[in-house]
2 protein chains.
Amino acid sequence: MANKAGRSRPGAGSRNGSDFEHPLVTVDLIIFTVRDRELKLLLIKRGDPPFEGMWALPGGFVRASESLEVSARRELEEETGVSDIFLEQLFTFGEPDRDPRARVITVAYFAIIASDRRVLRASADAADARWFSVAELPKLAFDHERIVEYAIERLRNKLEYTTVGFQLLPAEFTLSELQHIYEVILGKQLDKRNFRKKILSLDVIQETGRTKMDGVHRPARLYRFSEARFMKLRDKGILFPF
Amino acid sequence: MANKAGRSRPGAGSRNGSDFEHPLVTVDLIIFTVRDRELKLLLIKRGDPPFEGMWALPGGFVRASESLEVSARRELEEETGVSDIFLEQLFTFGEPDRDPRARVITVAYFAIIASDRRVLRASADAADARWFSVAELPKLAFDHERIVEYAIERLRNKLEYTTVGFQLLPAEFTLSELQHIYEVILGKQLDKRNFRKKILSLDVIQETGRTKMDGVHRPARLYRFSEARFMKLRDKGILFPF
DNA sequence: ACAAAAGTGTTGAGAGTACACCCATGC
DNA sequence: GCATGGGTGTACTCTCAACACTTTTGT
């Protein structure tokens with residue numbers, strides 16, 4: 001009841017009885033990954049009217065004992081089986097009519113799953129959960145299209161001033177792989193020399209000494225994220241993806 | 001009930017009955033202004049236990065018919081009498097124990113009031129609503145200190161890549177006044193020549209032709225915000241304060 | 001030898017930063 | 001005439017953008 005009594009002066013508005021009944025509160029998840037050189041997100045097929053058969057964002061109710069983030073992590077784990085990944089609150093959507101059945105306020109979170117992670121555990125059978133390329137999304141239930149749009153915008157912005165891009169890759173990766181992540185999300189080509197120069201100047205990755213034999217061409221050096229160096233940057237206020 | 005049915009597979013968790021009862025949902029407001037060369041925000045004194053006599057952020061319940069932003073604007077209007085100002089969603093706080101009396105999830109909004117606006121309408125008598133300098137805040141109720149901390153951080157960030165700073169000033173202002181806003185919020189001194197060069201190069205303000213006779217020294221030129229020019233920048237993706 | 005991706009430097013333009021003096025006014 | 005804040009320019013550094021060829025491997 002934050003701020004209730006301090007503000008409950010009679011006459012300040014019509015606040016009698018049922019006008020501020022308790023709404024339902026959910027968390028919805030925008031779970032991004034990159035596969036087949038495309039930015040994808042996870043959708044589930046709804047089984048209930050009025051959106052039966054439509055695709056929607058995964059999510060669920062916030063339980064009485066859970067913080068919002070804990071609730072989001074639990075849903076994430078239930079959907080994908082992964083839990084130790086990047087997750088950030090995106091925005092809270094609360095138009096009164098966004099769900100035709102009841103007043104539902106939803107706190108949207110966006111998550112990022114590395115491309116080598118195997119997800120979609122047994123509990124989510126293939127029929128009702130699928131990765132969709134953001135370039136070819138189906139019609140979505142509720143106001144989920146708007147939520148997705150906003151999530152993609154945020155992801156693009158964060159890419160430029162944080163290291164979220166690294167979250168989409170395996171622990172060891174090549175610079176070309178990293179560049180492809182950036183190109184896929186930003187939707188444009190980047191200059192290879194400039195990209196490498198910039199990333200290396202950030203001093204957040206280090207060579208592993210190993211290479212990736214990818215087939216028929218020159219093997220690429222493998223790098224890994226350097227936490228120690230990253231912390232330095234964070235203190236300087238440059239990057240803060242966690 | 002967004003995402004409920006799609007996710008309500010039995011066995012996905014213990015979701016029986018009262019574990020996800022409806023929480024209460026409020027909006028809380030961080031209302032910034034600059035007065036006496038200091039960044040200030042509006043607090044109200046609570047009249048009810050368990051925080052009786054403590055200062056807290058203004059706010060109140062979201063009504064059944066209101067969107068979150070409408071709700072925030074209504075509270076803002078009730079507190080200050082102003083309505084046509086910058087307002088933006090900040091973050092949603094939902095720790096289960098943030099209010100000792102009940103589960104309350106609060107959507108925080110931050111607002112910016114120009115320094116020449118007269119606020120605090122009659123309904124809020126001086127005894128229970130006051131501006132506090134962010135440098136000397138009292139202990140706050142609930143988790144409001146954390147909320148305020150986050151709001152200040154966001155304000156600082158936005159100052160650097162948007163034109164929020166202009167929102168704190170009257171419609172006509174001098175470059176020195178604008179610079180003081182930046183210095184107060186960023187907490188550091190800026191070089192006068194560089195500041196003017198940068199602001200003028202953004203091409204978002206224009207001279208009014210008038211000057212401000214401030215007393216005992218050279219009169220300063222008055223500028224005003226140039227919406228047309230601003231829109232150009234917005235299209236280029238540089239500034240987006242609205 | 002050739003196909004395919006990896007890897008590598010330089011140059012020019014623009015932005016940011018540091019820095020010191022004259023100007024217009026009221027008293 | 002002096003105190004007070006208003007107003008102005010230049011030089012250096014650093015970052016960003018444009019741009020093309022050689023290297024290493026598998027076949």
# chains A, B, ... in the order shown; residues from 1 in each chain; ligands from 1
>>> residues_around(residues="DA20 (chain C)", least_positions_apart="4", cutoff="12 Å", atoms="only C-alpha atoms (C1' of nucleotides)", output="ChimeraX atom specification")
/B:193 /D:8-10
>>> residues_around(residues="region 2-5 of chain C", least_positions_apart="2", cutoff="10 Å", atoms="only C-alpha atoms (C1' of nucleotides)", output="count of residues only")
13
>>> residues_around(residues="region 95-106 of chain B", least_positions_apart="6", cutoff="10 Å", atoms="only C-alpha atoms (C1' of nucleotides)", output="PyMOL selection string")
(chain A and resi 1-3+22+25+63-70) or (chain B and resi 21-29+49-50+59-62+141-144)
>>> interface_residues(of="chain C", to="chain B", cutoff="9 Å", atoms="only C-alpha atoms (C1' of nucleotides)", output="list in words")
DG16, DT17, DC23, DA24, DT25, DG26 and DC27 of chain C
>>> write_last_selection(atoms="all heavy atoms", output="short mmCIF file (atom, residue, chain, number, x, y, z; two decimals), in the first residue's frame")
data_model
loop_
_atom_site.label_atom_id
_atom_site.label_comp_id
_atom_site.auth_asym_id
_atom_site.auth_seq_id
_atom_site.Cartn_x
_atom_site.Cartn_y
_atom_site.Cartn_z
P DG C 16 31.21 15.67 -29.29
OP1 DG C 16 30.27 14.83 -28.51
OP2 DG C 16 30.86 17.07 -29.64
"O5'" DG C 16 32.61 15.67 -28.53
"C5'" DG C 16 33.16 14.44 -28.09
"C4'" DG C 16 34.40 14.73 -27.28
"O4'" DG C 16 35.38 15.35 -28.15
"C3'" DG C 16 34.16 15.69 -26.12
"O3'" DG C 16 34.81 15.17 -24.96
"C2'" DG C 16 34.78 17.01 -26.60
"C1'" DG C 16 35.86 16.54 -27.56
N9 DG C 16 36.14 17.48 -28.64
C8 DG C 16 35.24 18.11 -29.46
N7 DG C 16 35.80 18.90 -30.35
C5 DG C 16 37.16 18.77 -30.10
C6 DG C 16 38.28 19.38 -30.73
O6 DG C 16 38.27 20.18 -31.68
N1 DG C 16 39.48 18.98 -30.16
C2 DG C 16 39.60 18.10 -29.12
N2 DG C 16 40.84 17.82 -28.71
N3 DG C 16 38.57 17.52 -28.52
C4 DG C 16 37.39 17.90 -29.05
P DT C 17 34.84 16.01 -23.58
OP1 DT C 17 34.82 15.03 -22.49
OP2 DT C 17 33.80 17.06 -23.68
"O5'" DT C 17 36.26 16.73 -23.62
"C5'" DT C 17 37.44 15.95 -23.75
"C4'" DT C 17 38.65 16.86 -23.56
"O4'" DT C 17 38.85 17.65 -24.75
"C3'" DT C 17 38.49 17.86 -22.40
"O3'" DT C 17 39.69 17.87 -21.66
"C2'" DT C 17 38.20 19.18 -23.11
"C1'" DT C 17 38.98 19.01 -24.41
N1 DT C 17 38.51 19.80 -25.58
C2 DT C 17 39.45 20.37 -26.41
O2 DT C 17 40.65 20.25 -26.23
N3 DT C 17 38.94 21.07 -27.47
C4 DT C 17 37.59 21.27 -27.77
O4 DT C 17 37.26 21.92 -28.75
C5 DT C 17 36.66 20.65 -26.86
C7 DT C 17 35.18 20.79 -27.09
C6 DT C 17 37.15 19.94 -25.82
P DC C 23 36.41 44.56 -25.63
OP1 DC C 23 36.09 44.96 -27.02
OP2 DC C 23 36.94 45.53 -24.65
"O5'" DC C 23 35.08 43.92 -25.02
"C5'" DC C 23 34.37 42.95 -25.78
"C4'" DC C 23 32.94 42.89 -25.29
"O4'" DC C 23 32.89 42.23 -24.01
"C3'" DC C 23 32.28 44.25 -25.08
"O3'" DC C 23 30.92 44.12 -25.48
"C2'" DC C 23 32.39 44.48 -23.57
"C1'" DC C 23 32.28 43.05 -23.04
N1 DC C 23 33.00 42.75 -21.77
C2 DC C 23 32.31 42.18 -20.70
O2 DC C 23 31.09 41.94 -20.82
N3 DC C 23 32.97 41.89 -19.55
C4 DC C 23 34.28 42.15 -19.46
N4 DC C 23 34.90 41.84 -18.31
C5 DC C 23 35.01 42.73 -20.53
C6 DC C 23 34.34 43.01 -21.67
P DA C 24 30.09 45.38 -25.94
OP1 DA C 24 29.35 45.04 -27.17
OP2 DA C 24 30.97 46.56 -25.87
"O5'" DA C 24 29.03 45.50 -24.75
"C5'" DA C 24 27.96 44.59 -24.69
"C4'" DA C 24 27.31 44.69 -23.33
"O4'" DA C 24 28.29 44.39 -22.32
"C3'" DA C 24 26.75 46.07 -23.00
"O3'" DA C 24 25.38 45.88 -22.72
"C2'" DA C 24 27.53 46.52 -21.75
"C1'" DA C 24 28.07 45.21 -21.20
N9 DA C 24 29.36 45.25 -20.52
C8 DA C 24 30.52 45.77 -21.01
N7 DA C 24 31.56 45.61 -20.20
C5 DA C 24 31.03 44.95 -19.11
C6 DA C 24 31.60 44.49 -17.91
N6 DA C 24 32.90 44.64 -17.61
N1 DA C 24 30.80 43.85 -17.03
C2 DA C 24 29.50 43.69 -17.35
N3 DA C 24 28.85 44.07 -18.44
C4 DA C 24 29.68 44.70 -19.29
P DT C 25 24.37 47.09 -22.65
OP1 DT C 25 23.06 46.65 -23.17
OP2 DT C 25 25.04 48.28 -23.22
"O5'" DT C 25 24.26 47.30 -21.09
"C5'" DT C 25 23.53 46.36 -20.32
"C4'" DT C 25 23.99 46.39 -18.90
"O4'" DT C 25 25.42 46.31 -18.81
"C3'" DT C 25 23.68 47.64 -18.11
"O3'" DT C 25 22.37 47.52 -17.57
"C2'" DT C 25 24.75 47.65 -17.03
"C1'" DT C 25 25.72 46.56 -17.46
N1 DT C 25 27.15 46.89 -17.34
C2 DT C 25 27.81 46.45 -16.24
O2 DT C 25 27.30 45.82 -15.35
N3 DT C 25 29.14 46.79 -16.19
C4 DT C 25 29.84 47.51 -17.14
O4 DT C 25 31.03 47.75 -17.00
C5 DT C 25 29.07 47.94 -18.27
C7 DT C 25 29.73 48.74 -19.36
C6 DT C 25 27.77 47.62 -18.33
P DG C 26 21.78 48.68 -16.63
OP1 DG C 26 20.33 48.47 -16.50
OP2 DG C 26 22.31 49.99 -17.10
"O5'" DG C 26 22.47 48.36 -15.21
"C5'" DG C 26 22.15 47.15 -14.54
"C4'" DG C 26 22.57 47.27 -13.08
"O4'" DG C 26 24.01 47.39 -12.99
"C3'" DG C 26 22.00 48.49 -12.36
"O3'" DG C 26 21.69 48.11 -11.02
"C2'" DG C 26 23.13 49.52 -12.44
"C1'" DG C 26 24.39 48.65 -12.46
N9 DG C 26 25.45 49.16 -13.34
C8 DG C 26 25.31 49.77 -14.56
N7 DG C 26 26.45 50.08 -15.11
C5 DG C 26 27.41 49.65 -14.20
C6 DG C 26 28.84 49.72 -14.26
O6 DG C 26 29.54 50.19 -15.15
N1 DG C 26 29.42 49.17 -13.12
C2 DG C 26 28.74 48.61 -12.08
N2 DG C 26 29.47 48.14 -11.08
N3 DG C 26 27.41 48.53 -12.01
C4 DG C 26 26.82 49.08 -13.10
P DC C 27 21.08 49.15 -9.99
OP1 DC C 27 20.29 48.37 -9.02
OP2 DC C 27 20.46 50.27 -10.76
"O5'" DC C 27 22.37 49.71 -9.22
"C5'" DC C 27 23.11 48.83 -8.38
"C4'" DC C 27 24.40 49.49 -7.96
"O4'" DC C 27 25.20 49.75 -9.12
"C3'" DC C 27 24.21 50.85 -7.28
"O3'" DC C 27 24.49 50.72 -5.90
"C2'" DC C 27 25.21 51.78 -7.97
"C1'" DC C 27 26.05 50.84 -8.81
N1 DC C 27 26.46 51.44 -10.11
C2 DC C 27 27.82 51.51 -10.43
O2 DC C 27 28.65 51.08 -9.62
N3 DC C 27 28.19 52.07 -11.61
C4 DC C 27 27.26 52.54 -12.46
N4 DC C 27 27.67 53.07 -13.61
C5 DC C 27 25.86 52.46 -12.15
C6 DC C 27 25.51 51.91 -10.99
#
>>> interface_residues(of="chain D", to="chain B", cutoff="7 Å", atoms="only C-alpha atoms (C1' of nucleotides)", output="list in words")
DT4, DG5 and DG6 of chain D
>>> write_last_selection(atoms="C-alpha atoms (C1' of nucleotides)", output="PDB file, in the first residue's frame")
ATOM      1  C1'  DT D   4      29.732  40.695 -11.934  1.00  0.00           C
ATOM      2  C1'  DG D   5      28.452  37.399 -14.980  1.00  0.00           C
ATOM      3  C1'  DG D   6      28.115  37.270 -20.490  1.00  0.00           C
TER       4       DG D   6
END
>>> atom_distance(atom1="CA of Arg146 (chain A)", atom2="CA of Gln167 (chain A)")
24.0 Å
>>> residues_around(residues="Tyr150 (chain B)", least_positions_apart="4", cutoff="9 Å", atoms="only C-alpha atoms (C1' of nucleotides)", output="ChimeraX atom specification")
/B:90-91,145-146,154-155
>>> residues_around(residues="DA15 (chain C)", least_positions_apart="3", cutoff="10 Å", atoms="only C-alpha atoms (C1' of nucleotides)", output="list in words")
Lys198 of chain B; DC14, DT15 and DC16 of chain D
>>> select_by_dssp(residues="region 25-141 of chain A", states="helix (DSSP H, G or I)", output="list in words")
Leu68, Glu69, Val70, Ser71, Ala72, Arg73, Arg74, Glu75, Leu76, Glu77, Glu78, Glu79, Thr80, Ala126, Ala127, Asp128, Val134, Ala135 and Glu136 of chain A
>>> select_by_dssp(residues="region 22-166 of chain B", states="strand (DSSP E or B)", output="ChimeraX atom specification")
/B:24-35,38-45,55-56,59-61,86-93,104-112,129-133,140
>>> residues_around(residues="DT8 (chain C)", least_positions_apart="5", cutoff="10 Å", atoms="only C-alpha atoms (C1' of nucleotides)", output="JSON, numbers by chain")
{"A": [193], "D": [21, 22, 23]}
>>> write_last_selection(atoms="all heavy atoms", output="PDB file, in the first residue's frame")
ATOM      1  N   ARG A 193      37.644  -4.466 -40.572  1.00  0.00           N
ATOM      2  CA  ARG A 193      38.809  -3.907 -39.883  1.00  0.00           C
ATOM      3  C   ARG A 193      38.412  -2.967 -38.762  1.00  0.00           C
ATOM      4  O   ARG A 193      38.964  -3.004 -37.663  1.00  0.00           O
ATOM      5  CB  ARG A 193      39.706  -3.184 -40.894  1.00  0.00           C
ATOM      6  CG  ARG A 193      40.577  -4.130 -41.660  1.00  0.00           C
ATOM      7  CD  ARG A 193      41.215  -3.447 -42.822  1.00  0.00           C
ATOM      8  NE  ARG A 193      40.204  -3.025 -43.800  1.00  0.00           N
ATOM      9  CZ  ARG A 193      40.493  -2.554 -44.998  1.00  0.00           C
ATOM     10  NH1 ARG A 193      41.762  -2.397 -45.355  1.00  0.00           N
ATOM     11  NH2 ARG A 193      39.557  -2.228 -45.831  1.00  0.00           N
TER      12      ARG A 193
ATOM     13  P    DC D  21      44.066  -3.596 -54.155  1.00  0.00           P
ATOM     14  OP1  DC D  21      44.957  -2.847 -55.055  1.00  0.00           O
ATOM     15  OP2  DC D  21      42.818  -4.225 -54.637  1.00  0.00           O
ATOM     16  O5'  DC D  21      44.959  -4.722 -53.444  1.00  0.00           O
ATOM     17  C5'  DC D  21      46.066  -4.307 -52.640  1.00  0.00           C
ATOM     18  C4'  DC D  21      46.338  -5.346 -51.587  1.00  0.00           C
ATOM     19  O4'  DC D  21      45.153  -5.554 -50.781  1.00  0.00           O
ATOM     20  C3'  DC D  21      46.706  -6.744 -52.125  1.00  0.00           C
ATOM     21  O3'  DC D  21      48.051  -7.018 -51.775  1.00  0.00           O
ATOM     22  C2'  DC D  21      45.730  -7.680 -51.431  1.00  0.00           C
ATOM     23  C1'  DC D  21      45.246  -6.853 -50.247  1.00  0.00           C
ATOM     24  N1   DC D  21      43.926  -7.293 -49.733  1.00  0.00           N
ATOM     25  C2   DC D  21      43.852  -7.850 -48.459  1.00  0.00           C
ATOM     26  O2   DC D  21      44.891  -7.943 -47.784  1.00  0.00           O
ATOM     27  N3   DC D  21      42.655  -8.277 -47.989  1.00  0.00           N
ATOM     28  C4   DC D  21      41.561  -8.155 -48.751  1.00  0.00           C
ATOM     29  N4   DC D  21      40.410  -8.590 -48.238  1.00  0.00           N
ATOM     30  C5   DC D  21      41.607  -7.573 -50.059  1.00  0.00           C
ATOM     31  C6   DC D  21      42.794  -7.167 -50.507  1.00  0.00           C
ATOM     32  P    DT D  22      48.734  -8.374 -52.360  1.00  0.00           P
ATOM     33  OP1  DT D  22      50.060  -7.982 -52.877  1.00  0.00           O
ATOM     34  OP2  DT D  22      47.761  -9.119 -53.191  1.00  0.00           O
ATOM     35  O5'  DT D  22      48.970  -9.220 -51.036  1.00  0.00           O
ATOM     36  C5'  DT D  22      49.668  -8.642 -49.929  1.00  0.00           C
ATOM     37  C4'  DT D  22      49.512  -9.571 -48.739  1.00  0.00           C
ATOM     38  O4'  DT D  22      48.097  -9.653 -48.388  1.00  0.00           O
ATOM     39  C3'  DT D  22      49.978 -11.010 -48.995  1.00  0.00           C
ATOM     40  O3'  DT D  22      50.758 -11.427 -47.881  1.00  0.00           O
ATOM     41  C2'  DT D  22      48.680 -11.790 -49.143  1.00  0.00           C
ATOM     42  C1'  DT D  22      47.746 -10.999 -48.220  1.00  0.00           C
ATOM     43  N1   DT D  22      46.289 -11.135 -48.512  1.00  0.00           N
ATOM     44  C2   DT D  22      45.459 -11.584 -47.527  1.00  0.00           C
ATOM     45  O2   DT D  22      45.834 -11.890 -46.411  1.00  0.00           O
ATOM     46  N3   DT D  22      44.127 -11.668 -47.886  1.00  0.00           N
ATOM     47  C4   DT D  22      43.576 -11.349 -49.110  1.00  0.00           C
ATOM     48  O4   DT D  22      42.375 -11.463 -49.309  1.00  0.00           O
ATOM     49  C5   DT D  22      44.517 -10.882 -50.102  1.00  0.00           C
ATOM     50  C7   DT D  22      44.023 -10.517 -51.473  1.00  0.00           C
ATOM     51  C6   DT D  22      45.816 -10.796 -49.777  1.00  0.00           C
ATOM     52  P    DT D  23      51.240 -12.907 -47.717  1.00  0.00           P
ATOM     53  OP1  DT D  23      52.502 -12.888 -46.952  1.00  0.00           O
ATOM     54  OP2  DT D  23      51.152 -13.554 -49.040  1.00  0.00           O
ATOM     55  O5'  DT D  23      50.124 -13.555 -46.788  1.00  0.00           O
ATOM     56  C5'  DT D  23      50.031 -13.118 -45.434  1.00  0.00           C
ATOM     57  C4'  DT D  23      49.170 -14.113 -44.668  1.00  0.00           C
ATOM     58  O4'  DT D  23      47.810 -14.090 -45.187  1.00  0.00           O
ATOM     59  C3'  DT D  23      49.637 -15.571 -44.786  1.00  0.00           C
ATOM     60  O3'  DT D  23      49.564 -16.124 -43.485  1.00  0.00           O
ATOM     61  C2'  DT D  23      48.636 -16.218 -45.733  1.00  0.00           C
ATOM     62  C1'  DT D  23      47.371 -15.407 -45.432  1.00  0.00           C
ATOM     63  N1   DT D  23      46.380 -15.299 -46.534  1.00  0.00           N
ATOM     64  C2   DT D  23      45.075 -15.663 -46.292  1.00  0.00           C
ATOM     65  O2   DT D  23      44.679 -16.093 -45.231  1.00  0.00           O
ATOM     66  N3   DT D  23      44.228 -15.494 -47.367  1.00  0.00           N
ATOM     67  C4   DT D  23      44.556 -15.024 -48.626  1.00  0.00           C
ATOM     68  O4   DT D  23      43.712 -14.926 -49.498  1.00  0.00           O
ATOM     69  C5   DT D  23      45.936 -14.670 -48.800  1.00  0.00           C
ATOM     70  C7   DT D  23      46.399 -14.141 -50.123  1.00  0.00           C
ATOM     71  C6   DT D  23      46.784 -14.819 -47.769  1.00  0.00           C
TER      72       DT D  23
END
>>> closest_residue(among="B:Leu76, B:Ile31, B:Val107, B:Ala151", to="chain A", atoms="only C-alpha atoms")
B:Val107
>>> decode(residues="region 116-213 of chain A", atoms="C-alpha atoms", output="CSV table (one decimal), in the first residue's frame")
chain,number,residue,atom,x,y,z
A,116,ASP,CA,25.2,-22.8,-28.5
A,117,ARG,CA,22.8,-23.4,-25.6
A,118,ARG,CA,20.3,-26.2,-26.1
A,119,VAL,CA,17.0,-25.1,-24.9
A,120,LEU,CA,13.3,-26.0,-24.9
A,121,ARG,CA,13.3,-28.7,-22.3
A,122,ALA,CA,11.0,-31.7,-22.5
A,123,SER,CA,8.2,-30.0,-20.7
A,124,ALA,CA,7.7,-27.6,-23.6
A,125,ASP,CA,6.8,-29.9,-26.5
A,126,ALA,CA,7.7,-28.7,-30.0
A,127,ALA,CA,4.1,-28.2,-30.9
A,128,ASP,CA,3.5,-25.2,-28.7
A,129,ALA,CA,6.9,-23.5,-28.5
A,130,ARG,CA,9.1,-22.3,-31.3
A,131,TRP,CA,11.8,-19.9,-32.3
A,132,PHE,CA,10.8,-17.2,-34.8
A,133,SER,CA,13.0,-15.0,-36.7
A,134,VAL,CA,12.2,-11.4,-35.8
A,135,ALA,CA,12.0,-10.7,-39.5
A,136,GLU,CA,9.0,-13.0,-39.9
A,137,LEU,CA,7.0,-12.9,-36.8
A,138,PRO,CA,3.4,-14.1,-36.8
A,139,LYS,CA,0.5,-12.1,-35.5
A,140,LEU,CA,0.8,-12.0,-31.7
A,141,ALA,CA,-1.8,-12.1,-29.0
A,142,PHE,CA,-2.6,-9.2,-26.7
A,143,ASP,CA,-0.2,-6.2,-27.1
A,144,HIS,CA,2.7,-8.5,-27.6
A,145,GLU,CA,3.7,-7.1,-30.9
A,146,ARG,CA,4.3,-3.7,-29.3
A,147,ILE,CA,6.3,-5.3,-26.6
A,148,VAL,CA,8.5,-7.2,-29.0
A,149,GLU,CA,9.0,-4.0,-31.0
A,150,TYR,CA,10.2,-2.2,-28.0
A,151,ALA,CA,12.4,-5.1,-26.9
A,152,ILE,CA,14.2,-5.1,-30.3
A,153,GLU,CA,14.8,-1.4,-30.1
A,154,ARG,CA,16.3,-1.7,-26.6
A,155,LEU,CA,18.5,-4.6,-27.7
A,156,ARG,CA,19.8,-2.5,-30.6
A,157,ASN,CA,20.5,0.4,-28.3
A,158,LYS,CA,22.2,-1.7,-25.7
A,159,LEU,CA,24.4,-3.3,-28.3
A,160,GLU,CA,26.1,0.0,-28.9
A,161,TYR,CA,27.0,0.9,-25.4
A,162,THR,CA,27.2,-2.4,-23.5
A,163,THR,CA,28.5,-5.9,-24.1
A,164,VAL,CA,25.1,-7.6,-24.4
A,165,GLY,CA,26.3,-8.8,-27.8
A,166,PHE,CA,28.7,-11.2,-26.1
A,167,GLN,CA,25.9,-12.8,-24.3
A,168,LEU,CA,24.6,-14.3,-27.5
A,169,LEU,CA,27.8,-16.2,-28.2
A,170,PRO,CA,29.3,-19.4,-26.8
A,171,ALA,CA,32.0,-18.9,-24.1
A,172,GLU,CA,34.6,-19.1,-26.9
A,173,PHE,CA,34.0,-17.4,-30.2
A,174,THR,CA,35.7,-15.9,-33.2
A,175,LEU,CA,35.7,-12.2,-34.0
A,176,SER,CA,33.7,-13.0,-37.2
A,177,GLU,CA,31.0,-14.6,-35.1
A,178,LEU,CA,30.8,-11.6,-32.9
A,179,GLN,CA,30.6,-9.3,-35.9
A,180,HIS,CA,27.8,-11.4,-37.3
A,181,ILE,CA,25.9,-10.9,-34.1
A,182,TYR,CA,26.2,-7.2,-34.4
A,183,GLU,CA,25.2,-7.2,-38.1
A,184,VAL,CA,22.2,-9.4,-37.5
A,185,ILE,CA,20.9,-7.2,-34.7
A,186,LEU,CA,21.7,-3.9,-36.2
A,187,GLY,CA,20.5,-5.0,-39.6
A,188,LYS,CA,23.5,-3.6,-41.5
A,189,GLN,CA,26.9,-4.6,-42.6
A,190,LEU,CA,30.0,-3.5,-40.6
A,191,ASP,CA,33.5,-3.0,-41.8
A,192,LYS,CA,35.7,-5.9,-40.7
A,193,ARG,CA,38.8,-3.9,-39.9
A,194,ASN,CA,37.0,-1.2,-38.0
A,195,PHE,CA,34.9,-3.7,-36.1
A,196,ARG,CA,38.0,-5.7,-34.9
A,197,LYS,CA,39.9,-2.6,-34.1
A,198,LYS,CA,37.1,-1.3,-31.9
A,199,ILE,CA,36.4,-4.5,-30.1
A,200,LEU,CA,40.0,-5.1,-29.4
A,201,SER,CA,40.5,-1.6,-28.2
A,202,LEU,CA,37.8,-2.2,-25.6
A,203,ASP,CA,40.1,-4.7,-24.0
A,204,VAL,CA,37.3,-7.0,-22.9
A,205,ILE,CA,38.2,-10.1,-24.7
A,206,GLN,CA,41.3,-12.2,-24.8
A,207,GLU,CA,42.7,-14.9,-27.0
A,208,THR,CA,42.4,-18.5,-25.9
A,209,GLY,CA,45.3,-19.7,-28.0
A,210,ARG,CA,43.0,-22.1,-29.7
A,211,THR,CA,41.5,-21.8,-33.2
A,212,LYS,CA,38.3,-22.9,-34.7
A,213,MET,CA,38.7,-25.2,-37.7
